[in-house]
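Participant: My file is target-v9.cif. It has mmCIF, C-alpha atoms:
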data_model
#
loop_
_atom_site.group_PDB
_atom_site.id
_atom_site.type_symbol
_atom_site.label_atom_id
_atom_site.label_comp_id
_atom_site.auth_asym_id
_atom_site.auth_seq_id
_atom_site.Cartn_x
_atom_site.Cartn_y
_atom_site.Cartn_z
ATOM 1 C CA MET W 6 100.551 107.465 120.865
ATOM 2 C CA GLY W 7 98.168 108.565 123.541
ATOM 3 C CA LYS W 8 94.621 108.254 124.756
ATOM 4 C CA SER W 9 91.755 109.221 122.450
ATOM 5 C CA SER W 10 91.397 112.960 121.833
ATOM 6 C CA SER W 11 94.918 113.715 123.025
ATOM 7 C CA GLY W 12 95.683 115.438 119.719
ATOM 8 C CA LYS W 13 97.592 112.656 117.976
ATOM 9 C CA ASP W 14 96.167 113.331 114.510
ATOM 10 C CA SER W 15 96.760 117.106 114.725
ATOM 11 C CA ILE W 16 100.312 116.622 115.990
ATOM 12 C CA TYR W 17 100.954 113.959 113.359
ATOM 13 C CA ARG W 18 99.851 116.266 110.516
ATOM 14 C CA LYS W 19 102.048 119.129 111.763
ATOM 15 C CA LEU W 20 105.119 116.924 112.218
ATOM 16 C CA GLU W 21 104.637 115.206 108.887
ATOM 17 C CA SER W 22 104.392 118.527 107.052
ATOM 18 C CA THR W 23 107.641 119.817 108.585
ATOM 19 C CA GLU W 24 110.219 118.981 105.924
ATOM 20 C CA GLU W 25 113.241 119.375 108.220
ATOM 21 C CA PHE W 26 112.321 116.108 109.963
ATOM 22 C CA GLY W 27 112.035 114.112 106.724
ATOM 23 C CA LEU W 28 109.430 111.806 108.224
ATOM 24 C CA LYS W 29 107.550 109.341 106.085
ATOM 25 C CA ARG W 30 104.033 108.219 106.901
ATOM 26 C CA LEU W 31 103.251 104.818 108.401
ATOM 27 C CA VAL W 32 99.556 104.130 107.858
ATOM 28 C CA ILE W 33 97.831 101.277 109.673
ATOM 29 C CA TYR W 34 94.662 99.427 108.736
ATOM 30 C CA THR W 35 91.227 99.387 110.335
ATOM 31 C CA THR W 36 87.888 97.708 109.781
ATOM 32 C CA ARG W 37 86.004 100.555 111.452
ATOM 33 C CA PRO W 38 83.898 102.892 109.317
ATOM 34 C CA ILE W 39 85.530 106.021 107.972
ATOM 35 C CA ARG W 40 84.651 109.222 109.887
ATOM 36 C CA ASP W 41 83.604 112.484 108.290
ATOM 37 C CA GLY W 42 86.751 114.331 107.197
ATOM 38 C CA GLU W 43 88.967 111.244 107.066
ATOM 39 C CA LYS W 44 90.594 110.138 103.841
ATOM 40 C CA GLU W 45 91.539 106.625 102.722
ATOM 41 C CA GLY W 46 95.296 106.148 103.089
ATOM 42 C CA ARG W 47 95.770 109.275 105.185
ATOM 43 C CA GLU W 48 94.490 108.378 108.663
ATOM 44 C CA TYR W 49 94.068 104.664 107.967
ATOM 45 C CA TYR W 50 93.571 102.138 105.227
ATOM 46 C CA PHE W 51 89.901 101.310 105.689
ATOM 47 C CA THR W 52 89.447 97.654 104.874
ATOM 48 C CA ASP W 53 87.814 94.426 105.958
ATOM 49 C CA GLU W 54 88.827 91.235 107.754
ATOM 50 C CA ASN W 55 89.774 89.594 104.438
ATOM 51 C CA LYS W 56 92.789 91.921 104.154
ATOM 52 C CA LEU W 57 93.780 91.076 107.737
ATOM 53 C CA GLU W 58 93.612 87.352 106.964
ATOM 54 C CA GLU W 59 95.620 87.857 103.765
ATOM 55 C CA PHE W 60 98.445 89.487 105.768
ATOM 56 C CA ARG W 61 98.190 86.759 108.408
ATOM 57 C CA ARG W 62 98.410 83.977 105.742
ATOM 58 C CA THR W 63 101.443 85.557 104.080
ATOM 59 C CA GLY W 64 103.268 86.155 107.391
ATOM 60 C CA LYS W 65 103.163 89.933 106.990
ATOM 61 C CA LEU W 66 100.897 90.778 109.921
ATOM 62 C CA ILE W 67 102.894 92.623 112.604
ATOM 63 C CA GLU W 68 100.117 93.229 115.109
ATOM 64 C CA ALA W 69 96.329 93.353 115.375
ATOM 65 C CA ARG W 70 93.932 94.594 118.038
ATOM 66 C CA THR W 71 90.186 94.046 118.218
ATOM 67 C CA TYR W 72 87.960 96.455 120.098
ATOM 68 C CA GLU W 73 84.475 95.361 121.061
ATOM 69 C CA THR W 74 82.646 98.589 120.295
ATOM 70 C CA VAL W 75 78.985 99.381 120.695
ATOM 71 C CA TYR W 76 78.787 98.872 116.892
ATOM 72 C CA GLY W 77 80.472 95.478 116.927
ATOM 73 C CA PRO W 78 84.140 94.525 116.660
ATOM 74 C CA TRP W 79 86.548 97.011 115.060
ATOM 75 C CA ILE W 80 90.014 95.729 114.213
ATOM 76 C CA TYR W 81 93.140 97.848 113.869
ATOM 77 C CA PHE W 82 96.307 96.273 112.496
ATOM 78 C CA THR W 83 99.791 96.935 111.179
ATOM 79 C CA ALA W 84 101.329 94.915 108.381
ATOM 80 C CA ASP W 85 104.677 94.682 106.673
ATOM 81 C CA ASP W 86 103.143 95.885 103.409
ATOM 82 C CA GLY W 87 106.185 97.614 101.907
ATOM 83 C CA GLN W 88 105.599 101.037 103.477
ATOM 84 C CA VAL W 89 108.652 100.786 105.737
ATOM 85 C CA SER W 90 112.249 100.441 104.654
ATOM 86 C CA ALA W 91 113.815 99.889 108.084
ATOM 87 C CA GLY W 92 117.182 101.552 108.548
ATOM 88 C CA ASN W 93 116.821 103.754 105.481
ATOM 89 C CA ASP W 94 114.220 106.352 106.426
ATOM 90 C CA ASN W 95 112.445 107.835 109.439
ATOM 91 C CA TYR W 96 108.745 107.124 109.874
ATOM 92 C CA LEU W 97 105.902 108.546 111.888
ATOM 93 C CA GLY W 98 102.856 106.512 112.803
ATOM 94 C CA ILE W 99 99.959 106.584 115.227
ATOM 95 C CA GLY W 100 99.231 103.662 117.485
ATOM 96 C CA THR W 101 98.654 102.342 120.967
ATOM 97 C CA LEU W 102 101.016 101.088 123.631
ATOM 98 C CA GLU W 103 100.270 97.569 122.450
ATOM 99 C CA SER W 104 101.033 98.364 118.810
ATOM 100 C CA TYR W 105 104.218 100.212 119.800
ATOM 101 C CA VAL W 106 105.498 97.188 121.745
ATOM 102 C CA LYS W 107 104.743 94.833 118.821
ATOM 103 C CA LEU W 108 106.409 97.178 116.295
ATOM 104 C CA ARG W 109 109.443 97.473 118.569
ATOM 105 C CA GLU W 110 109.645 93.673 118.762
ATOM 106 C CA TYR W 111 109.330 93.418 114.963
ATOM 107 C CA TYR W 112 111.707 96.212 113.882
ATOM 108 C CA GLY W 113 113.974 96.316 116.942
ATOM 109 C CA GLY W 114 114.234 98.582 119.947
ATOM 110 C CA ASP W 115 117.226 100.395 118.520
ATOM 111 C CA VAL W 116 115.106 101.960 115.751
ATOM 112 C CA MET W 117 111.750 102.522 117.473
ATOM 113 C CA ARG W 118 111.253 105.706 119.508
ATOM 114 C CA PRO W 119 107.992 106.333 121.373
ATOM 115 C CA VAL W 120 106.267 109.715 121.434
ATOM 116 C CA TYR W 121 103.621 109.640 124.146
ATOM 117 C CA ILE W 122 101.060 112.478 124.113
ATOM 118 C CA GLN W 123 99.299 113.304 127.358
ATOM 119 C CA VAL W 124 96.294 115.547 128.066
ATOM 120 C CA GLU W 125 94.263 116.045 131.233
ATOM 121 C CA ASP W 126 91.214 113.733 131.133
ATOM 122 C CA GLY W 127 88.588 116.483 131.430
ATOM 123 C CA GLU W 128 90.102 118.312 128.473
ATOM 124 C CA ARG W 129 90.238 115.072 126.457
ATOM 125 C CA LEU W 130 86.572 114.443 127.149
ATOM 126 C CA GLU W 131 85.658 117.978 126.037
ATOM 127 C CA ARG W 132 87.691 117.517 122.833
ATOM 128 C CA ALA W 133 86.091 114.131 122.129
ATOM 129 C CA LEU W 134 82.598 115.556 122.588
ATOM 130 C CA ALA W 135 83.342 118.540 120.348
ATOM 131 C CA ARG W 136 84.711 116.233 117.623
ATOM 132 C CA GLU W 137 81.764 113.871 117.868
ATOM 133 C CA LYS W 138 79.304 116.769 117.519
ATOM 134 C CA THR W 139 80.814 117.555 114.097
ATOM 135 C CA GLN W 140 79.981 114.093 112.746
ATOM 136 C CA GLU W 141 76.903 113.616 110.577
ATOM 137 C CA ASN W 142 75.942 110.696 112.831
ATOM 138 C CA PRO W 143 77.573 111.245 116.229
ATOM 139 C CA LYS W 144 78.498 108.071 118.089
ATOM 140 C CA TYR W 145 78.398 109.289 121.693
ATOM 141 C CA GLU W 146 78.094 105.858 123.254
ATOM 142 C CA GLU W 147 81.222 104.684 121.416
ATOM 143 C CA MET W 148 83.027 107.879 122.419
ATOM 144 C CA CYS W 149 82.326 107.083 126.080
ATOM 145 C CA ARG W 150 83.362 103.435 125.690
ATOM 146 C CA ARG W 151 86.648 104.521 124.093
ATOM 147 C CA PHE W 152 87.311 107.075 126.831
ATOM 148 C CA LEU W 153 86.808 104.486 129.588
ATOM 149 C CA ALA W 154 88.809 101.795 127.764
ATOM 150 C CA ASP W 155 91.750 104.199 127.453
ATOM 151 C CA GLN W 156 91.911 104.525 131.233
ATOM 152 C CA LYS W 157 92.764 100.818 131.393
ATOM 153 C CA ASP W 158 94.806 100.490 128.180
ATOM 154 C CA PHE W 159 97.000 103.493 129.041
ATOM 155 C CA SER W 160 97.292 102.813 132.760
ATOM 156 C CA GLU W 161 100.436 104.041 134.461
ATOM 157 C CA GLU W 162 101.512 100.418 134.851
ATOM 158 C CA ASN W 163 101.134 99.742 131.109
ATOM 159 C CA ILE W 164 102.946 102.962 130.170
ATOM 160 C CA LEU W 165 105.921 102.021 132.329
ATOM 161 C CA LYS W 166 105.852 98.380 131.171
ATOM 162 C CA ALA W 167 106.115 99.602 127.555
ATOM 163 C CA GLY W 168 109.254 101.541 128.465
ATOM 164 C CA ILE W 169 107.733 104.997 128.048
ATOM 165 C CA ASP W 170 109.717 107.412 130.179
ATOM 166 C CA LYS W 171 109.216 110.652 128.263
ATOM 167 C CA ARG W 172 105.839 112.340 127.866
ATOM 168 C CA PHE W 173 104.687 115.332 125.883
ATOM 169 C CA TRP W 174 101.869 117.374 127.409
ATOM 170 C CA ASN W 175 99.496 118.767 124.803
ATOM 171 C CA HIS W 176 98.165 121.850 126.601
ATOM 172 C CA ASN W 177 99.062 123.974 123.590
ATOM 173 C CA LEU W 178 99.296 122.283 120.179
ATOM 174 C CA ASP W 179 102.095 124.447 118.749
ATOM 175 C CA GLU W 180 104.213 124.209 121.907
ATOM 176 C CA CYS W 181 103.724 120.444 122.059
ATOM 177 C CA VAL W 182 104.744 120.058 118.405
ATOM 178 C CA LYS W 183 107.809 122.209 119.043
ATOM 179 C CA GLU W 184 108.865 120.014 121.983
ATOM 180 C CA ILE W 185 108.342 116.824 119.982
ATOM 181 C CA GLY W 186 110.288 118.369 117.107
ATOM 182 C CA LYS W 187 113.270 118.998 119.403
ATOM 183 C CA TYR W 188 113.057 115.408 120.596
ATOM 184 C CA ILE W 189 112.946 114.044 117.032
ATOM 185 C CA LYS W 190 115.960 116.089 116.000
ATOM 186 C CA SER W 191 117.886 114.860 119.050
ATOM 187 C CA ILE W 192 117.385 111.198 118.088
ATOM 188 C CA GLN W 193 117.844 111.396 114.316
#
Just give me the structure as C-alpha coordinates.

Facilitator:
Amino acid sequence: MGKSSSGKDSIYRKLESTEEFGLKRLVIYTTRPIRDGEKEGREYYFTDENKLEEFRRTGKLIEARTYETVYGPWIYFTADDGQVSAGNDNYLGIGTLESYVKLREYYGGDVMRPVYIQVEDGERLERALAREKTQENPKYEEMCRRFLADQKDFSEENILKAGIDKRFWNHNLDECVKEIGKYIKSIQ
(Lines of atoms letter the chains of each structure in order from A and count residues from 1; the text may use other names and numbers.)
(Lines give C-alpha, C1' and ligand atoms only; values in the text may rest on other atoms or scores of the structure.)
Protein backbone atom coordinates (compact mmCIF):
# COMPACT_ATOMS: atom_id res chain seq x y z
CA MET A 1 0.00 0.00 0.00
CA GLY A 2 1.00 3.59 -0.44
CA LYS A 3 -0.10 6.88 -1.89
CA SER A 4 -0.91 7.13 -5.60
CA SER A 5 2.11 6.93 -7.91
CA SER A 6 4.33 5.42 -5.23
CA GLY A 7 5.11 2.48 -7.50
CA LYS A 8 2.74 -0.11 -6.04
CA ASP A 9 1.81 -1.69 -9.37
CA SER A 10 5.43 -1.92 -10.57
CA ILE A 11 6.58 -3.40 -7.26
CA TYR A 12 3.62 -5.78 -7.22
CA ARG A 13 4.44 -7.12 -10.71
CA LYS A 14 8.11 -7.68 -9.82
CA LEU A 15 7.32 -9.43 -6.53
CA GLU A 16 4.61 -11.56 -8.08
CA SER A 17 6.92 -12.73 -10.86
CA THR A 18 9.63 -13.80 -8.39
CA GLU A 19 8.94 -17.51 -7.93
CA GLU A 20 11.01 -17.86 -4.74
CA PHE A 21 8.33 -15.96 -2.81
CA GLY A 22 5.46 -18.16 -4.04
CA LEU A 23 2.99 -15.30 -3.79
CA LYS A 24 -0.49 -15.61 -5.20
CA ARG A 25 -2.43 -12.63 -6.50
CA LEU A 26 -5.26 -11.01 -4.55
CA VAL A 27 -7.28 -8.91 -6.99
CA ILE A 28 -9.85 -6.42 -5.72
CA TYR A 29 -12.85 -4.97 -7.52
CA THR A 30 -13.55 -1.47 -8.79
CA THR A 31 -16.34 0.38 -10.54
CA ARG A 32 -13.93 2.90 -12.06
CA PRO A 33 -13.21 2.76 -15.79
CA ILE A 34 -10.29 0.67 -16.96
CA ARG A 35 -7.15 2.69 -17.84
CA ASP A 36 -5.08 2.23 -20.97
CA GLY A 37 -2.71 -0.70 -20.41
CA GLU A 38 -4.75 -2.31 -17.63
CA LYS A 39 -6.18 -5.78 -18.01
CA GLU A 40 -9.33 -7.26 -16.47
CA GLY A 41 -8.38 -9.53 -13.57
CA ARG A 42 -4.79 -8.30 -13.42
CA GLU A 43 -4.96 -4.88 -11.75
CA TYR A 44 -8.62 -5.12 -10.76
CA TYR A 45 -11.88 -6.80 -11.59
CA PHE A 46 -13.71 -3.98 -13.34
CA THR A 47 -17.37 -4.29 -12.46
CA ASP A 48 -20.46 -2.39 -11.41
CA GLU A 49 -22.41 -1.77 -8.21
CA ASN A 50 -24.57 -4.85 -8.85
CA LYS A 51 -21.57 -7.10 -8.10
CA LEU A 52 -20.89 -5.13 -4.91
CA GLU A 53 -24.50 -5.60 -3.79
CA GLU A 54 -24.35 -9.31 -4.64
CA PHE A 55 -21.34 -9.74 -2.32
CA ARG A 56 -23.04 -7.64 0.35
CA ARG A 57 -26.26 -9.76 0.15
CA THR A 58 -24.34 -13.03 0.41
CA GLY A 59 -22.18 -11.82 3.33
CA LYS A 60 -18.98 -12.04 1.31
CA LEU A 61 -18.09 -8.34 1.21
CA ILE A 62 -14.96 -7.71 3.30
CA GLU A 63 -14.58 -3.99 2.71
CA ALA A 64 -15.67 -1.23 0.34
CA ARG A 65 -14.56 2.36 -0.19
CA THR A 66 -16.25 5.02 -2.28
CA TYR A 67 -14.28 7.92 -3.70
CA GLU A 68 -16.13 10.99 -4.90
CA THR A 69 -14.11 11.67 -8.03
CA VAL A 70 -14.51 14.45 -10.54
CA TYR A 71 -16.20 11.78 -12.74
CA GLY A 72 -18.64 10.65 -10.07
CA PRO A 73 -18.34 7.97 -7.40
CA TRP A 74 -15.80 5.17 -7.92
CA ILE A 75 -16.03 2.20 -5.58
CA TYR A 76 -13.20 -0.16 -4.70
CA PHE A 77 -13.96 -3.32 -2.74
CA THR A 78 -12.60 -6.65 -1.56
CA ALA A 79 -14.73 -9.76 -1.32
CA ASP A 80 -14.33 -13.28 -0.05
CA ASP A 81 -14.78 -14.64 -3.58
CA GLY A 82 -12.67 -17.80 -3.28
CA GLN A 83 -9.34 -16.24 -4.27
CA VAL A 84 -7.85 -16.64 -0.79
CA SER A 85 -7.27 -19.87 1.06
CA ALA A 86 -6.19 -18.41 4.41
CA GLY A 87 -3.43 -20.34 6.14
CA ASN A 88 -2.53 -22.35 3.05
CA ASP A 89 -0.80 -19.88 0.74
CA ASN A 90 0.84 -16.46 0.72
CA TYR A 91 -0.91 -13.64 -1.12
CA LEU A 92 0.02 -10.23 -2.41
CA GLY A 93 -2.54 -7.50 -2.92
CA ILE A 94 -2.71 -3.75 -3.39
CA GLY A 95 -4.86 -1.61 -1.17
CA THR A 96 -5.17 1.34 1.15
CA LEU A 97 -4.68 1.70 4.88
CA GLU A 98 -8.42 1.33 5.27
CA SER A 99 -8.57 -1.87 3.21
CA TYR A 100 -5.55 -3.29 5.06
CA VAL A 101 -7.22 -2.73 8.44
CA LYS A 102 -10.46 -4.38 7.25
CA LEU A 103 -8.59 -7.36 5.75
CA ARG A 104 -6.61 -7.74 8.98
CA GLU A 105 -9.87 -7.75 10.96
CA TYR A 106 -11.36 -10.33 8.57
CA TYR A 107 -8.40 -12.73 8.20
CA GLY A 108 -6.61 -12.01 11.49
CA GLY A 109 -3.59 -9.96 12.44
CA ASP A 110 -1.40 -13.03 12.72
CA VAL A 111 -1.57 -13.63 8.94
CA MET A 112 -1.67 -10.09 7.53
CA ARG A 113 1.62 -8.25 6.99
CA PRO A 114 1.65 -4.67 5.69
CA VAL A 115 4.10 -3.44 3.06
CA TYR A 116 3.97 0.34 3.00
CA ILE A 117 5.63 2.06 0.01
CA GLN A 118 6.76 5.65 0.45
CA VAL A 119 7.97 8.21 -2.11
CA GLU A 120 8.69 11.92 -1.76
CA ASP A 121 5.58 13.90 -2.76
CA GLY A 122 7.23 15.90 -5.55
CA GLU A 123 8.47 12.71 -7.18
CA ARG A 124 5.01 11.12 -6.83
CA LEU A 125 3.43 14.11 -8.53
CA GLU A 126 5.93 13.92 -11.41
CA ARG A 127 5.22 10.18 -11.80
CA ALA A 128 1.45 10.74 -11.73
CA LEU A 129 1.69 13.45 -14.39
CA ALA A 130 3.91 11.30 -16.61
CA ARG A 131 1.48 8.36 -16.31
CA GLU A 132 -1.54 10.53 -17.02
CA LYS A 133 0.11 11.95 -20.16
CA THR A 134 0.27 8.41 -21.60
CA GLN A 135 -3.51 7.97 -21.38
CA GLU A 136 -5.63 8.45 -24.49
CA ASN A 137 -7.87 10.75 -22.43
CA PRO A 138 -5.79 12.15 -19.56
CA LYS A 139 -7.73 12.88 -16.39
CA TYR A 140 -5.58 15.61 -14.83
CA GLU A 141 -8.26 16.95 -12.53
CA GLU A 142 -8.82 13.48 -11.06
CA MET A 143 -5.06 13.01 -10.72
CA CYS A 144 -4.88 16.17 -8.61
CA ARG A 145 -7.90 15.17 -6.51
CA ARG A 146 -6.32 11.78 -5.81
CA PHE A 147 -2.98 13.35 -4.89
CA LEU A 148 -4.61 15.71 -2.37
CA ALA A 149 -6.89 13.01 -0.94
CA ASP A 150 -3.86 10.80 -0.30
CA GLN A 151 -2.36 13.47 1.94
CA LYS A 152 -5.32 13.00 4.28
CA ASP A 153 -5.91 9.25 3.83
CA PHE A 154 -2.23 8.41 4.42
CA SER A 155 -1.60 10.95 7.17
CA GLU A 156 1.07 10.08 9.69
CA GLU A 157 -1.68 9.62 12.28
CA ASN A 158 -3.55 7.12 10.08
CA ILE A 159 -0.36 5.21 9.23
CA LEU A 160 0.46 4.79 12.91
CA LYS A 161 -3.16 3.97 13.83
CA ALA A 162 -3.08 1.13 11.26
CA GLY A 163 -0.02 -0.31 12.98
CA ILE A 164 2.42 0.42 10.16
CA ASP A 165 5.89 0.65 11.65
CA LYS A 166 8.02 -0.41 8.69
CA ARG A 167 8.26 1.59 5.47
CA PHE A 168 9.93 0.92 2.16
CA TRP A 169 11.27 3.96 0.31
CA ASN A 170 10.91 3.65 -3.45
CA HIS A 171 13.76 5.88 -4.64
CA ASN A 172 15.03 3.07 -6.84
CA LEU A 173 12.56 0.39 -7.97
CA ASP A 174 15.00 -2.55 -7.99
CA GLU A 175 16.46 -1.66 -4.59
CA CYS A 176 12.99 -1.23 -3.10
CA VAL A 177 11.87 -4.61 -4.47
CA LYS A 178 15.02 -6.21 -3.05
CA GLU A 179 14.32 -4.76 0.41
CA ILE A 180 10.69 -5.89 0.31
CA GLY A 181 11.84 -9.32 -0.85
CA LYS A 182 14.11 -9.65 2.20
CA TYR A 183 11.20 -8.64 4.41
CA ILE A 184 8.86 -11.19 2.81
CA LYS A 185 11.38 -13.98 3.23
CA SER A 186 11.87 -13.05 6.89
CA ILE A 187 8.14 -13.43 7.65
CA GLN A 188 7.32 -16.51 5.58

Participant: Please provide as a list in words all residues within 6 Å of segment 81-95 of chain W, with the sequence filter that same-chain residues fewer than 6 positions apart are discarded (counting all atoms listed in the file).

Facilitator: Leu28, Ile33, Tyr34, Thr35, Lys65, Leu66, Ile67, Glu68, Ala69 and Arg70 of chain W

Participant: When the PyMOL selection byres ((chain W and resi 121-138) around 6) is applied to the structure above, which residues does it catch, written out as a ChimeraX atom specification?

Facilitator: /W:6-7,10-11,120,139-140,143,172-175

Participant: Can you write out the residues you just picked, keeping C-alpha atoms, as a PDB file, in the frame of the given file?

Facilitator:
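Written output follows (again-v8.pdb):
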ATOM      1  CA  MET W   6     100.551 107.465 120.865  1.00  0.00           C
ATOM      2  CA  GLY W   7      98.168 108.565 123.541  1.00  0.00           C
ATOM      3  CA  SER W  10      91.397 112.960 121.833  1.00  0.00           C
ATOM      4  CA  SER W  11      94.918 113.715 123.025  1.00  0.00           C
ATOM      5  CA  VAL W 120     106.267 109.715 121.434  1.00  0.00           C
ATOM      6  CA  THR W 139      80.814 117.555 114.097  1.00  0.00           C
ATOM      7  CA  GLN W 140      79.981 114.093 112.746  1.00  0.00           C
ATOM      8  CA  PRO W 143      77.573 111.245 116.229  1.00  0.00           C
ATOM      9  CA  ARG W 172     105.839 112.340 127.866  1.00  0.00           C
ATOM     10  CA  PHE W 173     104.687 115.332 125.883  1.00  0.00           C
ATOM     11  CA  TRP W 174     101.869 117.374 127.409  1.00  0.00           C
ATOM     12  CA  ASN W 175      99.496 118.767 124.803  1.00  0.00           C
TER      13      ASN W 175
END

Participant: Applying the PyMOL selection byres ((chain W and resi 102) around 12) to the file I just gave you, which residues come out? Please list them as an NGL selection string.

Facilitator: :W and (6-8 or 68 or 70 or 99-101 or 103-109 or 118-122 or 155 or 157-169)

Participant: What is the atom CA of Phe26 of chain W-atom CA of Tyr50 of chain W distance in Å, reported with one decimal?

Facilitator: 23.9 Å

Participant: How many Å separate atom CA of Ile16 of chain W from atom CA of Val182 of chain W?

Facilitator: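 These two atoms are separated by 6.1 Å.
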
Participant: State, in Å with one decimal place, the distance from atom CA of Arg18 of chain W to atom CA of Arg40 of chain W.

Facilitator: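 Between atom CA of Arg18 of chain W and atom CA of Arg40 of chain W the gap works out to 16.8 Å.
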
Participant: As a list in words, please: the residues near Arg30 of chain W (cut-off 8 Å, all atoms listed in the file, same-chain neighbours under 4 positions excluded).

Facilitator: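 The residues satisfying every condition are Glu21, Tyr96, Leu97 and Gly98 of chain W.
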
Participant: Hey, which of W:Tyr76, W:Lys29, W:Asn55, W:Ile39 ends up closest to Lys144 of chain W? Count all atoms listed in the file.

Facilitator: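 So, comparing all the options, the nearest one is W:Tyr76.
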